[in-house]
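**Student:** Take this structure, written in structure tokens, and hold onto it; I'll ask about it next.
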Amino acid sequence: MSSDPSDFDFVVIGAGSAGCAVTAGLTGAGAGSVAVVEAGPSDAHPLVKMPLGLIWLIGSGRDWRLRSAPQKGLGGRRIKIPRGRMLGGSGSINSMVWFRGTQADFDNWQVPGWAWDDVAPAFEAVEAKLTPAPLTAPHPLVRALGRVFGANEDANPTPERESAGVFRFNLRKGRRWSAADAFLRPARGQGAIVLTGRNVARIGLFDGAAREVIFTDGSKITARRGVILSAGAIGSPEILLRSGIGPQEDLEAVGITPLRDVPGVGANLHDHPGVGIHYSGKGSGYGLSLAQAAQWIAAPFRYLFARGGVLASPTVEGGMFFSAGGGDMPDIQTHFIPFFMNHKGSRFAPGEGYFADVCVCRPRSRGALRITPEGTDIDLGLFNDEADLDLLVAGFKRLRTLMDTAPFENHKAPEVHPGPAVQSDADIRAYIRASAGTAYHPVGTLRMGDGDAPVSPRLAFKGIENLWVADASVMPAVTSANTNAPSMMIGYRAAQFITEDAA
């Protein structure tokens, strides 16, 4: 191992969910010296570990606070794209929901080596480190939701079938257990170097190979054997574009000398589009009210001494998977939040209630991330294919029916937004266009595969030696549920490929 602190065998860009897994895999395999660089700070903050803390972290300095380009399908609205900016990445500000996706998700990618039978062992290895489990003390509303498709509570909701109930989470003893905990900290114990507060400007190429990582302050570090991009579906293509790797016309238009003309960099951007329904009433869900004042006053003490109470809630405590049209395979996911969610602007407002959304599991719409003279243009392409909007309308109507018939009993509350006046398909479509956002699962901007895909099935960036990509950007299509678990699986497999191929 070199004694030069700026000279390493491998440099991992991004200490998010995939980057932490890559770092641990390389270090554990003895592949050489490894440095992981992170633009944000450490995750050593009490709000990171406290599950409910995410409501204060999103929009803070530990969030990149990105916004989309004006979305044609949303009437020109720009929407928020929260992305974690600290160790653990978005896995340090998310709701910790744990789903692999469906088996068909991976088979349908049709990428050699990425079918379900190929990825299942990696999921098992990752889950041995993360040990995801159902929330131990969910709100009674969530328990009741588990009976919406039958008499028995479903302890294992899955996108493989219509199901509802308490979700699984990567929590341990009431605290967030992210990839930074499960992978990065053990890797540091084995010699991995972690550099925080280092914002990457670009990757330096020499003789067609990635050799340097150059920071925005002008400093740089050397990667003798390889660079691994794990900055996420937004950050990874953005770094490549700044490095002169991407669509030639776009690069020339902003004065960047094209080093490689790769049209696929930034293409295929997509996310799970979704829209919610708000319910409010006394005695329903959590909220700021006189009746719950004692509970909120006691909450810090319950969490501090017992790791329980409302502060131990990850907000999204459960949900549903169902078919909007009554088919065999779910095409809608619902995230259920047993908290009053104010729809009038202010985050903290008096009231008790709950919230449920409808998200398209497998969207058809595609957008793109481009670099322009005005900056990075993040076009999610929401409803570019109106089939997604049609599905959301049908899913919205069925969600209303399911919520109306759910056995919430004395916790049941009326719908307050959009409210009973919004009934016709045309009104629902208008509401969705005016209110829809995403589930914060951007993927696809450096898709892997054969042919014109910019990344190979073994996660090597085509046409450039010693450069790999390991994060959600390589997904050809988003999985049918939350993407944190698949991102870690990708990082875990990337370390295996890189260890073998770099040798």
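Each chain in the structure tokens gets a letter, A, B and so on, in the order shown; residues start at 1 in every chain, and ligands are counted from 1 in the order they appear.
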Would you kindly return, as a VMD selection string, each protein, DNA or RNA residue with an atom no farther than 9 Å from any atom of A:Val316, considering only C-alpha atoms and excluding same-chain residues fewer than 5 positions away?
**Tutor:** chain A and resid 95 to 97 167 335 to 338
**Student:** Keeping only all heavy atoms, write the selected residues as a PDB file, in the first residue's frame.
**Tutor:**
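Result file is selection-v6.pdb:
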ATOM      1  N   SER A  95     -36.818   6.799   4.323  1.00  0.00           N
ATOM      2  CA  SER A  95     -37.707   6.202   5.329  1.00  0.00           C
ATOM      3  C   SER A  95     -37.354   4.754   5.633  1.00  0.00           C
ATOM      4  O   SER A  95     -38.091   4.075   6.348  1.00  0.00           O
ATOM      5  CB  SER A  95     -39.165   6.302   4.879  1.00  0.00           C
ATOM      6  OG  SER A  95     -39.334   5.695   3.609  1.00  0.00           O
ATOM      7  N   MET A  96     -36.231   4.271   5.088  1.00  0.00           N
ATOM      8  CA  MET A  96     -35.659   2.969   5.442  1.00  0.00           C
ATOM      9  C   MET A  96     -36.499   1.777   5.006  1.00  0.00           C
ATOM     10  O   MET A  96     -36.315   0.652   5.478  1.00  0.00           O
ATOM     11  CB  MET A  96     -35.376   2.888   6.959  1.00  0.00           C
ATOM     12  CG  MET A  96     -34.311   3.857   7.411  1.00  0.00           C
ATOM     13  SD  MET A  96     -34.436   4.323   9.172  1.00  0.00           S
ATOM     14  CE  MET A  96     -35.745   5.557   9.078  1.00  0.00           C
ATOM     15  N   VAL A  97     -37.457   1.985   4.098  1.00  0.00           N
ATOM     16  CA  VAL A  97     -38.303   0.898   3.598  1.00  0.00           C
ATOM     17  C   VAL A  97     -37.450  -0.078   2.791  1.00  0.00           C
ATOM     18  O   VAL A  97     -36.622   0.332   1.980  1.00  0.00           O
ATOM     19  CB  VAL A  97     -39.442   1.458   2.734  1.00  0.00           C
ATOM     20  CG1 VAL A  97     -40.231   0.335   2.077  1.00  0.00           C
ATOM     21  CG2 VAL A  97     -40.361   2.338   3.583  1.00  0.00           C
ATOM     22  N   PHE A 167     -44.499  -2.593   6.670  1.00  0.00           N
ATOM     23  CA  PHE A 167     -43.333  -2.820   5.826  1.00  0.00           C
ATOM     24  C   PHE A 167     -42.134  -3.280   6.671  1.00  0.00           C
ATOM     25  O   PHE A 167     -42.142  -3.194   7.892  1.00  0.00           O
ATOM     26  CB  PHE A 167     -42.944  -1.534   5.092  1.00  0.00           C
ATOM     27  CG  PHE A 167     -43.838  -1.176   3.939  1.00  0.00           C
ATOM     28  CD1 PHE A 167     -43.750   0.079   3.354  1.00  0.00           C
ATOM     29  CD2 PHE A 167     -44.764  -2.067   3.418  1.00  0.00           C
ATOM     30  CE1 PHE A 167     -44.554   0.433   2.283  1.00  0.00           C
ATOM     31  CE2 PHE A 167     -45.586  -1.729   2.351  1.00  0.00           C
ATOM     32  CZ  PHE A 167     -45.471  -0.468   1.784  1.00  0.00           C
ATOM     33  N   HIS A 335     -47.717   4.018  -0.152  1.00  0.00           N
ATOM     34  CA  HIS A 335     -46.978   4.293   1.085  1.00  0.00           C
ATOM     35  C   HIS A 335     -47.974   4.907   2.063  1.00  0.00           C
ATOM     36  O   HIS A 335     -48.612   5.921   1.756  1.00  0.00           O
ATOM     37  CB  HIS A 335     -45.831   5.272   0.836  1.00  0.00           C
ATOM     38  CG  HIS A 335     -44.841   4.799  -0.176  1.00  0.00           C
ATOM     39  ND1 HIS A 335     -45.000   5.020  -1.541  1.00  0.00           N
ATOM     40  CD2 HIS A 335     -43.666   4.127  -0.036  1.00  0.00           C
ATOM     41  CE1 HIS A 335     -43.978   4.504  -2.190  1.00  0.00           C
ATOM     42  NE2 HIS A 335     -43.153   3.953  -1.310  1.00  0.00           N
ATOM     43  N   PHE A 336     -48.096   4.304   3.226  1.00  0.00           N
ATOM     44  CA  PHE A 336     -49.068   4.765   4.229  1.00  0.00           C
ATOM     45  C   PHE A 336     -48.327   5.428   5.390  1.00  0.00           C
ATOM     46  O   PHE A 336     -47.430   4.820   5.996  1.00  0.00           O
ATOM     47  CB  PHE A 336     -49.904   3.599   4.745  1.00  0.00           C
ATOM     48  CG  PHE A 336     -50.988   4.018   5.700  1.00  0.00           C
ATOM     49  CD1 PHE A 336     -52.206   4.481   5.232  1.00  0.00           C
ATOM     50  CD2 PHE A 336     -50.780   3.959   7.074  1.00  0.00           C
ATOM     51  CE1 PHE A 336     -53.209   4.872   6.116  1.00  0.00           C
ATOM     52  CE2 PHE A 336     -51.768   4.352   7.965  1.00  0.00           C
ATOM     53  CZ  PHE A 336     -52.986   4.809   7.478  1.00  0.00           C
ATOM     54  N   ILE A 337     -48.686   6.669   5.685  1.00  0.00           N
ATOM     55  CA  ILE A 337     -48.051   7.459   6.739  1.00  0.00           C
ATOM     56  C   ILE A 337     -49.104   7.805   7.786  1.00  0.00           C
ATOM     57  O   ILE A 337     -50.021   8.582   7.500  1.00  0.00           O
ATOM     58  CB  ILE A 337     -47.432   8.747   6.160  1.00  0.00           C
ATOM     59  CG1 ILE A 337     -46.378   8.410   5.106  1.00  0.00           C
ATOM     60  CG2 ILE A 337     -46.815   9.607   7.263  1.00  0.00           C
ATOM     61  CD1 ILE A 337     -45.795   9.623   4.404  1.00  0.00           C
ATOM     62  N   PRO A 338     -49.012   7.249   8.993  1.00  0.00           N
ATOM     63  CA  PRO A 338     -50.047   7.503  10.010  1.00  0.00           C
ATOM     64  C   PRO A 338     -49.829   8.829  10.753  1.00  0.00           C
ATOM     65  O   PRO A 338     -49.940   8.896  11.984  1.00  0.00           O
ATOM     66  CB  PRO A 338     -49.896   6.305  10.939  1.00  0.00           C
ATOM     67  CG  PRO A 338     -48.447   5.976  10.891  1.00  0.00           C
ATOM     68  CD  PRO A 338     -48.020   6.265   9.472  1.00  0.00           C
TER      69      PRO A 338
END
**Student:** Taking only C-alpha atoms into account, produce a table as a tab-separated table in which each residue of stretch 214-237 of chain A with an atom at most 12 Å from an atom of stretch 242-257 of chain A appears once, together with its shortest atom pair and the distance in Å to one decimal, ordered by chain and rising number.
**Tutor:**
residue	atom	partner	partner_atom	distance
A:Ile214	CA	A:Ser243	CA	9.6
A:Phe215	CA	A:Ser243	CA	11.5
A:Thr216	CA	A:Arg242	CA	11.1
A:Gly235	CA	A:Arg242	CA	10.6
A:Ser236	CA	A:Arg242	CA	10.1
A:Pro237	CA	A:Gly246	CA	8.3
**Student:** Taking the chain letters and numbering used in this document, name the residues of stretch 380-480 of chain A that DSSP puts in strand (DSSP E or B), as a ChimeraX atom specification.
**Tutor:** /A:415-417,437-438,443,448,455,460-461,465,467-469
**Student:** Show me, as JSON lines, the residues of stretch 12-122 of chain A having an atom within 10 Å of stretch 351-368 of chain A, each with the closest atom pair and its distance in Å, using only C-alpha atoms.
**Tutor:**
{"residue": "A:Gln71", "atom": "CA", "partner": "A:Gly367", "partner_atom": "CA", "distance": 9.8}
{"residue": "A:Gly101", "atom": "CA", "partner": "A:Cys361", "partner_atom": "CA", "distance": 9.4}
{"residue": "A:Asp105", "atom": "CA", "partner": "A:Arg362", "partner_atom": "CA", "distance": 8.9}
**Student:** Grab the residues selected above and save them as a short mmCIF file (atom, residue, chain, number, x, y, z; two decimals), in the first residue's frame with N, CA, C and O atoms.
**Tutor:**
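Result file is out-v3.cif:
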data_model
loop_
_atom_site.label_atom_id
_atom_site.label_comp_id
_atom_site.auth_asym_id
_atom_site.auth_seq_id
_atom_site.Cartn_x
_atom_site.Cartn_y
_atom_site.Cartn_z
N GLN A 71 -41.77 20.36 -15.66
CA GLN A 71 -42.32 19.11 -16.20
C GLN A 71 -43.56 19.39 -17.05
O GLN A 71 -44.57 19.88 -16.54
N GLY A 101 -37.92 -5.73 -4.74
CA GLY A 101 -38.59 -5.65 -6.03
C GLY A 101 -39.20 -7.00 -6.33
O GLY A 101 -39.28 -7.87 -5.45
N ASP A 105 -38.86 -8.21 -12.20
CA ASP A 105 -38.14 -6.96 -12.47
C ASP A 105 -36.76 -7.26 -13.06
O ASP A 105 -36.36 -6.66 -14.06
#
**Student:** Could you find all residues in stretch 401-478 of chain A that DSSP calls helix (DSSP H, G or I) from the backbone, and write them as a PyMOL selection string?
**Tutor:** chain A and resi 401-405+409-411+425-435+472-474
**Student:** Write out the residues from the selection above, keeping C-alpha atoms, as an mmCIF file, in the first residue's frame.
**Tutor:**
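As written to disk, out_11.cif reads:
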data_model
loop_
_atom_site.group_PDB
_atom_site.id
_atom_site.type_symbol
_atom_site.label_atom_id
_atom_site.label_comp_id
_atom_site.auth_asym_id
_atom_site.auth_seq_id
_atom_site.Cartn_x
_atom_site.Cartn_y
_atom_site.Cartn_z
ATOM 1 C CA THR A 401 -62.242 2.440 -2.262
ATOM 2 C CA LEU A 402 -59.674 0.483 -0.259
ATOM 3 C CA MET A 403 -59.256 3.294 2.252
ATOM 4 C CA ASP A 404 -63.022 3.688 2.609
ATOM 5 C CA THR A 405 -63.409 -0.019 3.380
ATOM 6 C CA GLU A 409 -62.793 1.583 13.182
ATOM 7 C CA ASN A 410 -62.474 4.409 15.735
ATOM 8 C CA HIS A 411 -59.287 5.689 14.041
ATOM 9 C CA ASP A 425 -61.759 11.027 -14.212
ATOM 10 C CA ALA A 426 -61.127 14.480 -15.668
ATOM 11 C CA ASP A 427 -61.005 16.063 -12.201
ATOM 12 C CA ILE A 428 -58.707 13.335 -10.888
ATOM 13 C CA ARG A 429 -56.375 13.796 -13.870
ATOM 14 C CA ALA A 430 -56.262 17.520 -13.210
ATOM 15 C CA TYR A 431 -55.532 16.924 -9.518
ATOM 16 C CA ILE A 432 -52.694 14.527 -10.381
ATOM 17 C CA ARG A 433 -51.113 16.975 -12.822
ATOM 18 C CA ALA A 434 -51.333 19.733 -10.210
ATOM 19 C CA SER A 435 -50.110 17.676 -7.238
ATOM 20 C CA ALA A 472 -29.135 3.009 -9.274
ATOM 21 C CA SER A 473 -28.116 4.756 -12.489
ATOM 22 C CA VAL A 474 -27.314 1.371 -14.060
#
**Student:** Would you mind listing what lies within 6 Å of A:Val12 as an MDAnalysis selection string, with only C-alpha atoms counted and same-chain residues fewer than 5 positions away left out?
**Tutor:** chainID A and resid 36 227:228
**Student:** Which residues are close to A:Met475, i.e. within 7 Å by only C-alpha atoms, leaving aside same-chain residues fewer than 4 positions away? Reply as a count of residues only.
**Tutor:** 4
**Student:** Counting only C-alpha atoms, which residue out of A:Ala294, A:Val416, A:Ala233, A:Ala223 sits closest to A:Lys344?
**Tutor:** A:Val416
**Student:** Skipping near chain neighbours, those fewer than 4 positions away, what residues fall within 8 Å of A:Gly437 using only C-alpha atoms, listed as an MDAnalysis selection string?
**Tutor:** chainID A and resid 79:80 273:275
**Student:** Next, write the just-selected residues to a file, as a compact mmCIF listing (two decimals), in the first residue's frame, keeping all heavy atoms as the atom set.
**Tutor:**
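File written: part.txt
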# COMPACT_ATOMS: atom_id res chain seq x y z
N ILE A 79 -40.41 20.02 -9.49
CA ILE A 79 -40.64 19.27 -8.25
C ILE A 79 -39.32 18.99 -7.54
O ILE A 79 -38.25 18.98 -8.14
CB ILE A 79 -41.39 17.95 -8.51
CG1 ILE A 79 -40.58 17.01 -9.40
CG2 ILE A 79 -42.75 18.24 -9.13
CD1 ILE A 79 -41.18 15.64 -9.53
N LYS A 80 -39.43 18.77 -6.25
CA LYS A 80 -38.26 18.53 -5.42
C LYS A 80 -37.71 17.12 -5.69
O LYS A 80 -38.46 16.17 -5.89
CB LYS A 80 -38.60 18.67 -3.95
CG LYS A 80 -39.01 20.08 -3.55
CD LYS A 80 -39.39 20.15 -2.08
CE LYS A 80 -39.81 21.56 -1.69
NZ LYS A 80 -40.22 21.63 -0.27
N PRO A 273 -43.70 7.81 -10.33
CA PRO A 273 -44.59 8.95 -10.11
C PRO A 273 -45.69 8.59 -9.13
O PRO A 273 -46.14 7.44 -9.07
CB PRO A 273 -45.16 9.23 -11.51
CG PRO A 273 -45.16 7.89 -12.17
CD PRO A 273 -43.95 7.16 -11.63
N GLY A 274 -46.12 9.57 -8.34
CA GLY A 274 -47.15 9.27 -7.35
C GLY A 274 -47.89 10.52 -6.92
O GLY A 274 -47.45 11.65 -7.13
N VAL A 275 -49.04 10.29 -6.29
CA VAL A 275 -49.86 11.38 -5.76
C VAL A 275 -50.60 10.85 -4.54
O VAL A 275 -50.86 9.65 -4.43
CB VAL A 275 -50.84 11.89 -6.84
CG1 VAL A 275 -51.96 10.88 -7.09
CG2 VAL A 275 -51.42 13.25 -6.46
**Student:** Fewer than 4 positions away in the same chain doesn't count, so skip those; otherwise give me all residues within 8 Å of A:Leu184, counting only C-alpha atoms, as a ChimeraX atom specification.
**Tutor:** /A:20-21,23-24,179-180,188
**Student:** My list of candidates is A:Gly325, A:Pro373, A:Gly14, A:Gly345. Which is closest to A:Val393 when distances are computed with only C-alpha atoms?
**Tutor:**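 Closest to A:Val393, using only C-alpha atoms: A:Gly325.
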**Student:** Which neighbours of A:Arg458 fall inside 9 Å, counting only C-alpha atoms, when residues of the same chain fewer than 2 positions from it are skipped, and could you give them as an MDAnalysis selection string?
**Tutor:** chainID A and resid 112:113 448:449 455:456 460:461 468 493:494 497:498 501
